[in-house]
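Have a look at protein.txt; it's compact mmCIF, N, CA and C atoms:
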# COMPACT_ATOMS: atom_id res chain seq x y z
N MET A 1 -15.69 10.79 -29.78
CA MET A 1 -16.32 11.35 -28.59
C MET A 1 -16.42 10.30 -27.49
N LEU A 2 -16.76 9.07 -27.85
CA LEU A 2 -16.88 8.01 -26.85
C LEU A 2 -15.54 7.73 -26.19
N LEU A 3 -14.47 7.73 -26.99
CA LEU A 3 -13.14 7.48 -26.43
C LEU A 3 -12.76 8.59 -25.46
N GLU A 4 -13.07 9.86 -25.79
CA GLU A 4 -12.79 10.96 -24.88
C GLU A 4 -13.52 10.76 -23.55
N TYR A 5 -14.79 10.36 -23.62
CA TYR A 5 -15.57 10.15 -22.40
C TYR A 5 -14.98 9.00 -21.59
N GLU A 6 -14.58 7.92 -22.25
CA GLU A 6 -13.98 6.79 -21.53
C GLU A 6 -12.69 7.20 -20.84
N ASN A 7 -11.88 8.02 -21.48
CA ASN A 7 -10.65 8.51 -20.86
C ASN A 7 -10.95 9.41 -19.67
N LEU A 8 -11.95 10.26 -19.81
CA LEU A 8 -12.37 11.14 -18.72
C LEU A 8 -12.88 10.31 -17.54
N LEU A 9 -13.67 9.32 -17.82
CA LEU A 9 -14.21 8.45 -16.77
C LEU A 9 -13.10 7.68 -16.06
N ALA A 10 -12.14 7.18 -16.82
CA ALA A 10 -11.01 6.45 -16.21
C ALA A 10 -10.22 7.37 -15.29
N LEU A 11 -9.99 8.59 -15.71
CA LEU A 11 -9.28 9.55 -14.87
C LEU A 11 -10.09 9.88 -13.61
N ALA A 12 -11.38 10.06 -13.77
CA ALA A 12 -12.24 10.38 -12.63
C ALA A 12 -12.28 9.25 -11.61
N ASN A 13 -12.16 8.02 -12.07
CA ASN A 13 -12.25 6.86 -11.17
C ASN A 13 -10.91 6.37 -10.65
N ARG A 14 -9.83 6.95 -11.13
CA ARG A 14 -8.49 6.54 -10.70
C ARG A 14 -8.33 6.79 -9.20
N GLN A 15 -7.72 5.87 -8.52
CA GLN A 15 -7.62 5.94 -7.06
C GLN A 15 -6.32 6.56 -6.55
N SER A 16 -5.32 6.72 -7.39
CA SER A 16 -4.07 7.30 -6.90
C SER A 16 -4.29 8.75 -6.46
N ARG A 17 -3.59 9.16 -5.45
CA ARG A 17 -3.64 10.49 -4.86
C ARG A 17 -4.99 10.83 -4.23
N ARG A 18 -5.77 9.83 -3.91
CA ARG A 18 -7.07 10.06 -3.29
C ARG A 18 -6.99 9.88 -1.78
N GLY A 19 -7.76 10.67 -1.09
CA GLY A 19 -7.90 10.51 0.35
C GLY A 19 -7.09 11.50 1.14
N PRO A 20 -7.43 11.65 2.41
CA PRO A 20 -6.74 12.61 3.28
C PRO A 20 -5.25 12.29 3.43
N MET A 21 -4.47 13.34 3.64
CA MET A 21 -3.04 13.19 3.88
C MET A 21 -2.80 13.53 5.36
N VAL A 22 -2.30 12.56 6.10
CA VAL A 22 -2.11 12.72 7.54
C VAL A 22 -1.12 13.83 7.86
N ASP A 23 -0.03 13.92 7.12
CA ASP A 23 1.02 14.90 7.44
C ASP A 23 1.02 16.09 6.48
N SER A 24 -0.15 16.52 6.03
CA SER A 24 -0.22 17.64 5.10
C SER A 24 0.17 18.94 5.78
N SER A 25 0.64 19.87 4.98
CA SER A 25 0.98 21.22 5.45
C SER A 25 -0.26 22.09 5.49
N VAL A 26 -1.18 21.85 4.56
CA VAL A 26 -2.36 22.69 4.41
C VAL A 26 -3.43 21.93 3.63
N SER A 27 -4.67 22.32 3.85
CA SER A 27 -5.77 21.76 3.06
C SER A 27 -6.83 22.83 2.85
N ALA A 28 -7.68 22.60 1.88
CA ALA A 28 -8.79 23.51 1.61
C ALA A 28 -9.88 22.76 0.86
N THR A 29 -11.09 23.22 1.02
CA THR A 29 -12.24 22.62 0.35
C THR A 29 -12.96 23.67 -0.47
N ALA A 30 -13.41 23.29 -1.64
CA ALA A 30 -14.23 24.16 -2.49
C ALA A 30 -15.49 23.40 -2.87
N VAL A 31 -16.59 24.13 -2.97
CA VAL A 31 -17.88 23.53 -3.30
C VAL A 31 -18.49 24.30 -4.46
N ASN A 32 -19.04 23.56 -5.40
CA ASN A 32 -19.81 24.14 -6.49
C ASN A 32 -21.27 24.05 -6.08
N ALA A 33 -21.80 25.12 -5.55
CA ALA A 33 -23.15 25.12 -5.00
C ALA A 33 -24.23 24.86 -6.06
N SER A 34 -23.93 25.14 -7.32
CA SER A 34 -24.94 24.96 -8.36
C SER A 34 -25.25 23.50 -8.64
N CYS A 35 -24.29 22.59 -8.38
CA CYS A 35 -24.57 21.18 -8.66
C CYS A 35 -24.13 20.23 -7.55
N GLY A 36 -23.41 20.74 -6.55
CA GLY A 36 -23.03 19.91 -5.43
C GLY A 36 -21.64 19.29 -5.50
N ASP A 37 -20.87 19.59 -6.55
CA ASP A 37 -19.49 19.10 -6.60
C ASP A 37 -18.74 19.65 -5.39
N GLU A 38 -17.88 18.81 -4.82
CA GLU A 38 -17.07 19.23 -3.68
C GLU A 38 -15.69 18.60 -3.80
N CYS A 39 -14.67 19.39 -3.52
CA CYS A 39 -13.30 18.88 -3.60
C CYS A 39 -12.48 19.43 -2.44
N THR A 40 -11.80 18.53 -1.75
CA THR A 40 -10.83 18.90 -0.73
C THR A 40 -9.45 18.51 -1.23
N VAL A 41 -8.50 19.41 -1.07
CA VAL A 41 -7.12 19.19 -1.50
C VAL A 41 -6.22 19.28 -0.28
N TRP A 42 -5.29 18.33 -0.14
CA TRP A 42 -4.27 18.35 0.90
C TRP A 42 -2.92 18.50 0.22
N LEU A 43 -2.10 19.42 0.71
CA LEU A 43 -0.77 19.64 0.15
C LEU A 43 0.28 19.43 1.22
N LYS A 44 1.36 18.79 0.83
CA LYS A 44 2.55 18.73 1.67
C LYS A 44 3.58 19.62 0.97
N VAL A 45 3.97 20.68 1.66
CA VAL A 45 4.88 21.66 1.08
C VAL A 45 6.21 21.60 1.80
N VAL A 46 7.29 21.49 1.03
CA VAL A 46 8.65 21.45 1.57
C VAL A 46 9.49 22.45 0.79
N ASP A 47 10.09 23.40 1.49
CA ASP A 47 10.98 24.40 0.86
C ASP A 47 10.34 25.10 -0.34
N GLY A 48 9.09 25.51 -0.19
CA GLY A 48 8.42 26.27 -1.25
C GLY A 48 7.95 25.45 -2.43
N ALA A 49 7.96 24.15 -2.30
CA ALA A 49 7.51 23.28 -3.39
C ALA A 49 6.46 22.29 -2.87
N ILE A 50 5.55 21.95 -3.72
CA ILE A 50 4.57 20.92 -3.38
C ILE A 50 5.24 19.57 -3.55
N ALA A 51 5.45 18.88 -2.43
CA ALA A 51 6.12 17.59 -2.44
C ALA A 51 5.12 16.45 -2.64
N ASP A 52 3.88 16.67 -2.20
CA ASP A 52 2.85 15.64 -2.36
C ASP A 52 1.49 16.32 -2.33
N VAL A 53 0.53 15.71 -2.97
CA VAL A 53 -0.84 16.21 -2.99
C VAL A 53 -1.80 15.04 -3.03
N THR A 54 -2.86 15.16 -2.26
CA THR A 54 -3.96 14.20 -2.34
C THR A 54 -5.26 15.01 -2.39
N PHE A 55 -6.33 14.33 -2.75
CA PHE A 55 -7.61 15.02 -2.87
C PHE A 55 -8.75 14.05 -2.59
N ASP A 56 -9.90 14.63 -2.29
CA ASP A 56 -11.15 13.89 -2.19
C ASP A 56 -12.15 14.69 -2.99
N ALA A 57 -12.60 14.13 -4.10
CA ALA A 57 -13.55 14.83 -4.97
C ALA A 57 -14.84 14.03 -5.04
N LYS A 58 -15.92 14.75 -4.83
CA LYS A 58 -17.25 14.15 -4.93
C LYS A 58 -18.03 14.98 -5.93
N GLY A 59 -18.71 14.29 -6.83
CA GLY A 59 -19.51 15.01 -7.80
C GLY A 59 -19.46 14.38 -9.17
N CYS A 60 -19.59 15.20 -10.17
CA CYS A 60 -19.68 14.70 -11.55
C CYS A 60 -18.31 14.23 -12.06
N VAL A 61 -18.35 13.54 -13.18
CA VAL A 61 -17.15 13.01 -13.80
C VAL A 61 -16.15 14.12 -14.12
N ILE A 62 -16.63 15.25 -14.61
CA ILE A 62 -15.73 16.34 -14.98
C ILE A 62 -14.99 16.86 -13.76
N SER A 63 -15.68 17.06 -12.68
CA SER A 63 -15.06 17.58 -11.47
C SER A 63 -14.04 16.59 -10.89
N ARG A 64 -14.40 15.32 -10.85
CA ARG A 64 -13.49 14.29 -10.31
C ARG A 64 -12.27 14.11 -11.21
N ALA A 65 -12.46 14.14 -12.52
CA ALA A 65 -11.33 14.02 -13.46
C ALA A 65 -10.43 15.24 -13.35
N SER A 66 -11.01 16.41 -13.20
CA SER A 66 -10.24 17.63 -13.04
C SER A 66 -9.37 17.54 -11.79
N ALA A 67 -9.91 17.06 -10.69
CA ALA A 67 -9.14 16.93 -9.45
C ALA A 67 -7.96 15.99 -9.64
N ALA A 68 -8.19 14.86 -10.30
CA ALA A 68 -7.10 13.90 -10.52
C ALA A 68 -6.01 14.48 -11.41
N ALA A 69 -6.41 15.19 -12.46
CA ALA A 69 -5.43 15.78 -13.38
C ALA A 69 -4.63 16.88 -12.68
N ILE A 70 -5.30 17.69 -11.89
CA ILE A 70 -4.61 18.75 -11.16
C ILE A 70 -3.62 18.15 -10.17
N ALA A 71 -4.03 17.11 -9.46
CA ALA A 71 -3.14 16.47 -8.47
C ALA A 71 -1.86 15.98 -9.13
N ASP A 72 -1.97 15.46 -10.32
CA ASP A 72 -0.78 14.99 -11.05
C ASP A 72 0.10 16.14 -11.53
N ALA A 73 -0.51 17.28 -11.80
CA ALA A 73 0.21 18.37 -12.46
C ALA A 73 0.91 19.34 -11.53
N VAL A 74 0.61 19.32 -10.25
CA VAL A 74 1.11 20.40 -9.39
C VAL A 74 2.32 20.06 -8.54
N ILE A 75 2.84 18.86 -8.63
CA ILE A 75 4.03 18.53 -7.86
C ILE A 75 5.19 19.39 -8.37
N GLY A 76 5.83 20.11 -7.48
CA GLY A 76 6.95 20.97 -7.85
C GLY A 76 6.84 22.34 -7.23
N PRO A 77 7.68 23.27 -7.65
CA PRO A 77 7.69 24.61 -7.07
C PRO A 77 6.34 25.32 -7.21
N ILE A 78 5.88 25.91 -6.14
CA ILE A 78 4.58 26.57 -6.14
C ILE A 78 4.53 27.68 -7.19
N GLY A 79 5.59 28.43 -7.35
CA GLY A 79 5.62 29.52 -8.31
C GLY A 79 5.56 29.08 -9.76
N GLN A 80 5.71 27.79 -10.01
CA GLN A 80 5.70 27.29 -11.39
C GLN A 80 4.41 26.57 -11.76
N ILE A 81 3.42 26.62 -10.88
CA ILE A 81 2.14 25.99 -11.21
C ILE A 81 1.47 26.83 -12.28
N GLY A 82 1.23 26.24 -13.42
CA GLY A 82 0.67 26.97 -14.55
C GLY A 82 -0.84 26.84 -14.68
N LEU A 83 -1.50 26.40 -13.64
CA LEU A 83 -2.95 26.22 -13.69
C LEU A 83 -3.62 27.47 -13.15
N THR A 84 -4.29 28.20 -14.00
CA THR A 84 -4.89 29.45 -13.57
C THR A 84 -6.39 29.55 -13.86
N ASN A 85 -6.88 28.72 -14.78
CA ASN A 85 -8.29 28.83 -15.17
C ASN A 85 -8.76 27.54 -15.84
N GLY A 86 -9.99 27.55 -16.29
CA GLY A 86 -10.56 26.38 -16.94
C GLY A 86 -9.82 25.96 -18.19
N ASN A 87 -9.27 26.91 -18.94
CA ASN A 87 -8.55 26.56 -20.16
C ASN A 87 -7.32 25.71 -19.85
N SER A 88 -6.60 26.04 -18.79
CA SER A 88 -5.42 25.26 -18.45
C SER A 88 -5.80 23.85 -18.02
N ILE A 89 -6.95 23.70 -17.39
CA ILE A 89 -7.39 22.36 -16.98
C ILE A 89 -7.92 21.58 -18.18
N ARG A 90 -8.62 22.26 -19.08
CA ARG A 90 -9.08 21.59 -20.31
C ARG A 90 -7.90 20.98 -21.06
N SER A 91 -6.79 21.69 -21.11
CA SER A 91 -5.63 21.15 -21.82
C SER A 91 -5.06 19.94 -21.09
N LEU A 92 -5.12 19.93 -19.76
CA LEU A 92 -4.68 18.74 -19.01
C LEU A 92 -5.56 17.53 -19.31
N LEU A 93 -6.85 17.77 -19.39
CA LEU A 93 -7.80 16.68 -19.61
C LEU A 93 -7.81 16.21 -21.06
N GLY A 94 -7.51 17.11 -21.97
CA GLY A 94 -7.49 16.75 -23.37
C GLY A 94 -8.87 16.54 -23.97
N VAL A 95 -9.87 17.14 -23.35
CA VAL A 95 -11.23 17.02 -23.87
C VAL A 95 -11.90 18.39 -23.86
N ALA A 96 -12.87 18.54 -24.72
CA ALA A 96 -13.66 19.77 -24.74
C ALA A 96 -14.70 19.69 -23.64
N VAL A 97 -14.81 20.76 -22.88
CA VAL A 97 -15.81 20.83 -21.82
C VAL A 97 -16.64 22.08 -22.06
N SER A 98 -17.92 21.92 -22.05
CA SER A 98 -18.84 23.02 -22.31
C SER A 98 -18.65 24.16 -21.30
N PRO A 99 -18.79 25.39 -21.75
CA PRO A 99 -18.72 26.52 -20.82
C PRO A 99 -19.76 26.42 -19.69
N LEU A 100 -20.84 25.71 -19.95
CA LEU A 100 -21.84 25.51 -18.90
C LEU A 100 -21.32 24.66 -17.75
N ARG A 101 -20.26 23.90 -18.00
CA ARG A 101 -19.68 23.04 -16.96
C ARG A 101 -18.40 23.63 -16.38
N GLU A 102 -18.18 24.91 -16.59
CA GLU A 102 -16.96 25.59 -16.14
C GLU A 102 -16.74 25.42 -14.64
N ARG A 103 -17.79 25.58 -13.84
CA ARG A 103 -17.61 25.45 -12.39
C ARG A 103 -17.30 24.02 -11.99
N CYS A 104 -17.83 23.05 -12.72
CA CYS A 104 -17.48 21.65 -12.46
C CYS A 104 -15.98 21.45 -12.68
N LEU A 105 -15.49 22.04 -13.73
CA LEU A 105 -14.09 21.92 -14.12
C LEU A 105 -13.15 22.62 -13.13
N THR A 106 -13.58 23.76 -12.61
CA THR A 106 -12.69 24.60 -11.80
C THR A 106 -12.87 24.47 -10.29
N THR A 107 -13.81 23.70 -9.81
CA THR A 107 -13.96 23.53 -8.36
C THR A 107 -12.69 22.97 -7.73
N PRO A 108 -12.05 21.92 -8.29
CA PRO A 108 -10.79 21.45 -7.71
C PRO A 108 -9.68 22.50 -7.78
N LEU A 109 -9.65 23.30 -8.84
CA LEU A 109 -8.66 24.37 -8.95
C LEU A 109 -8.87 25.40 -7.84
N LYS A 110 -10.12 25.72 -7.55
CA LYS A 110 -10.43 26.66 -6.47
C LYS A 110 -9.92 26.11 -5.14
N ALA A 111 -10.11 24.82 -4.88
CA ALA A 111 -9.60 24.21 -3.64
C ALA A 111 -8.08 24.32 -3.58
N LEU A 112 -7.40 24.05 -4.69
CA LEU A 112 -5.94 24.16 -4.74
C LEU A 112 -5.51 25.60 -4.46
N GLN A 113 -6.13 26.55 -5.12
CA GLN A 113 -5.75 27.95 -4.93
C GLN A 113 -6.01 28.40 -3.49
N ASP A 114 -7.11 27.95 -2.89
CA ASP A 114 -7.40 28.29 -1.50
C ASP A 114 -6.36 27.71 -0.56
N ALA A 115 -5.93 26.47 -0.83
CA ALA A 115 -4.91 25.84 0.01
C ALA A 115 -3.60 26.61 -0.09
N ILE A 116 -3.20 26.96 -1.30
CA ILE A 116 -1.94 27.69 -1.51
C ILE A 116 -2.00 29.06 -0.83
N SER A 117 -3.16 29.69 -0.85
CA SER A 117 -3.28 31.03 -0.23
C SER A 117 -3.11 30.98 1.28
N LYS A 118 -3.27 29.81 1.88
CA LYS A 118 -3.11 29.66 3.34
C LYS A 118 -1.64 29.52 3.75
N LEU A 119 -0.76 29.30 2.79
CA LEU A 119 0.64 29.08 3.14
C LEU A 119 1.33 30.36 3.59

Go through the file and emit its structure as structure tokens.
Amino acid sequence: MLLEYENLLALANRQSRRGPMVDSSVSATAVNASCGDECTVWLKVVDGAIADVTFDAKGCVISRASAAAIADAVIGPIGQIGLTNGNSIRSLLGVAVSPLRERCLTTPLKALQDAISKL
């Protein structure tokens, strides 16, 4: 359990793909009002594919780790993004997350889905 938490914390604190993207095609923000987690996602889309993604996630370790894992997983054709719910993100993280923390886990996914819906 401790090793899982250390891996989650390392992912949450990783700095790659963090921060605003100056030349993004679209961005969106999602907020988990129950605890204050907030995530903004910037996408650069070229020919129907996500060419680059950055994010800014504020909140708990689960939400920040989820944002980092999602950012790594979505590069490629938009139609092939297999992230649809908390279960798909749990498998990316490789850790068990309580159903009580579902919104923490899915706030970054909501930001991604909102950004894609603007295209």

Could you tell me, as a PyMOL selection string, which residues of chain A DSSP assigns to strand (DSSP E) when given the backbone? chain A and resi 26-32+37-46+49-58+76-77

Output for the residues just chosen: N, CA and C atoms as a compact mmCIF listing (two decimals), in the frame of the given file:
# COMPACT_ATOMS: atom_id res chain seq x y z
N VAL A 26 -1.18 21.85 4.56
CA VAL A 26 -2.36 22.69 4.41
C VAL A 26 -3.43 21.93 3.63
N SER A 27 -4.67 22.32 3.85
CA SER A 27 -5.77 21.76 3.06
C SER A 27 -6.83 22.83 2.85
N ALA A 28 -7.68 22.60 1.88
CA ALA A 28 -8.79 23.51 1.61
C ALA A 28 -9.88 22.76 0.86
N THR A 29 -11.09 23.22 1.02
CA THR A 29 -12.24 22.62 0.35
C THR A 29 -12.96 23.67 -0.47
N ALA A 30 -13.41 23.29 -1.64
CA ALA A 30 -14.23 24.16 -2.49
C ALA A 30 -15.49 23.40 -2.87
N VAL A 31 -16.59 24.13 -2.97
CA VAL A 31 -17.88 23.53 -3.30
C VAL A 31 -18.49 24.30 -4.46
N ASN A 32 -19.04 23.56 -5.40
CA ASN A 32 -19.81 24.14 -6.49
C ASN A 32 -21.27 24.05 -6.08
N ASP A 37 -20.87 19.59 -6.55
CA ASP A 37 -19.49 19.10 -6.60
C ASP A 37 -18.74 19.65 -5.39
N GLU A 38 -17.88 18.81 -4.82
CA GLU A 38 -17.07 19.23 -3.68
C GLU A 38 -15.69 18.60 -3.80
N CYS A 39 -14.67 19.39 -3.52
CA CYS A 39 -13.30 18.88 -3.60
C CYS A 39 -12.48 19.43 -2.44
N THR A 40 -11.80 18.53 -1.75
CA THR A 40 -10.83 18.90 -0.73
C THR A 40 -9.45 18.51 -1.23
N VAL A 41 -8.50 19.41 -1.07
CA VAL A 41 -7.12 19.19 -1.50
C VAL A 41 -6.22 19.28 -0.28
N TRP A 42 -5.29 18.33 -0.14
CA TRP A 42 -4.27 18.35 0.90
C TRP A 42 -2.92 18.50 0.22
N LEU A 43 -2.10 19.42 0.71
CA LEU A 43 -0.77 19.64 0.15
C LEU A 43 0.28 19.43 1.22
N LYS A 44 1.36 18.79 0.83
CA LYS A 44 2.55 18.73 1.67
C LYS A 44 3.58 19.62 0.97
N VAL A 45 3.97 20.68 1.66
CA VAL A 45 4.88 21.66 1.08
C VAL A 45 6.21 21.60 1.80
N VAL A 46 7.29 21.49 1.03
CA VAL A 46 8.65 21.45 1.57
C VAL A 46 9.49 22.45 0.79
N ALA A 49 7.96 24.15 -2.30
CA ALA A 49 7.51 23.28 -3.39
C ALA A 49 6.46 22.29 -2.87
N ILE A 50 5.55 21.95 -3.72
CA ILE A 50 4.57 20.92 -3.38
C ILE A 50 5.24 19.57 -3.55
N ALA A 51 5.45 18.88 -2.43
CA ALA A 51 6.12 17.59 -2.44
C ALA A 51 5.12 16.45 -2.64
N ASP A 52 3.88 16.67 -2.20
CA ASP A 52 2.85 15.64 -2.36
C ASP A 52 1.49 16.32 -2.33
N VAL A 53 0.53 15.71 -2.97
CA VAL A 53 -0.84 16.21 -2.99
C VAL A 53 -1.80 15.04 -3.03
N THR A 54 -2.86 15.16 -2.26
CA THR A 54 -3.96 14.20 -2.34
C THR A 54 -5.26 15.01 -2.39
N PHE A 55 -6.33 14.33 -2.75
CA PHE A 55 -7.61 15.02 -2.87
C PHE A 55 -8.75 14.05 -2.59
N ASP A 56 -9.90 14.63 -2.29
CA ASP A 56 -11.15 13.89 -2.19
C ASP A 56 -12.15 14.69 -2.99
N ALA A 57 -12.60 14.13 -4.10
CA ALA A 57 -13.55 14.83 -4.97
C ALA A 57 -14.84 14.03 -5.04
N LYS A 58 -15.92 14.75 -4.83
CA LYS A 58 -17.25 14.15 -4.93
C LYS A 58 -18.03 14.98 -5.93
N GLY A 76 5.83 20.11 -7.48
CA GLY A 76 6.95 20.97 -7.85
C GLY A 76 6.84 22.34 -7.23
N PRO A 77 7.68 23.27 -7.65
CA PRO A 77 7.69 24.61 -7.07
C PRO A 77 6.34 25.32 -7.21

Find the residue from A:Val31, A:Ile75, A:Ile70, A:Leu9 that sits nearest to A:Ile50; use only C-alpha atoms when measuring.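 The shortest atom-to-atom distance to A:Ile50 comes from A:Ile75.
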
Any idea what's packed within 8 Å of A:Ala71, counting only C-alpha atoms, ignoring anything in its chain fewer than 4 positions away? Could you give it as a ChimeraX atom specification? /A:17,53-55,67,75

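Taking atom C of A:Met21 and atom C of A:Arg103 as the two end points, the separation is 24.9 Å.
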
In Å and to one decimal, atom CA of A:Ala57 is distant from atom CA of A:Asp37 by 7.5 Å

Given all atoms listed in the file as the basis, pick out the residue of A:Leu8, A:Ile78, A:Leu92, A:Leu105 nearest to A:Asp47. A:Ile78

Shortest interatomic distance to A:Val45 - which of A:Ala68, A:Leu83, A:Val74, A:Leu11, counting only C-alpha atoms: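 Going through A:Ala68, A:Leu83, A:Val74, A:Leu11 one by one, the smallest distance to A:Val45 is for A:Val74.
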
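Minimum atom-to-atom distance to A:Asn32, evaluated using only C-alpha atoms, belongs to A:Thr107 out of A:Ser16, A:Asn85, A:Gln80, A:Thr107.
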
Atom pair atom CA of A:Pro20 + atom CA of A:Glu102, distance 25.5 Å

Could you tell me, as a PyMOL selection string, which residues of stretch 11-96 of chain A DSSP assigns to helix (DSSP H, G or I) when given the backbone? chain A and resi 11-13+61-73+78-80+86-93

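Residue nearest A:Ser66, chosen from A:Ser27, A:Asn87, A:Ser34, A:Thr106 and counting only N, CA and C atoms: A:Thr106.
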
Which residue of A:Trp42, A:Ile62, A:Tyr5, A:Ala69 approaches A:Arg101 most closely, using only N, CA and C atoms: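 Checking each candidate against A:Arg101, we get A:Ile62 as the closest.
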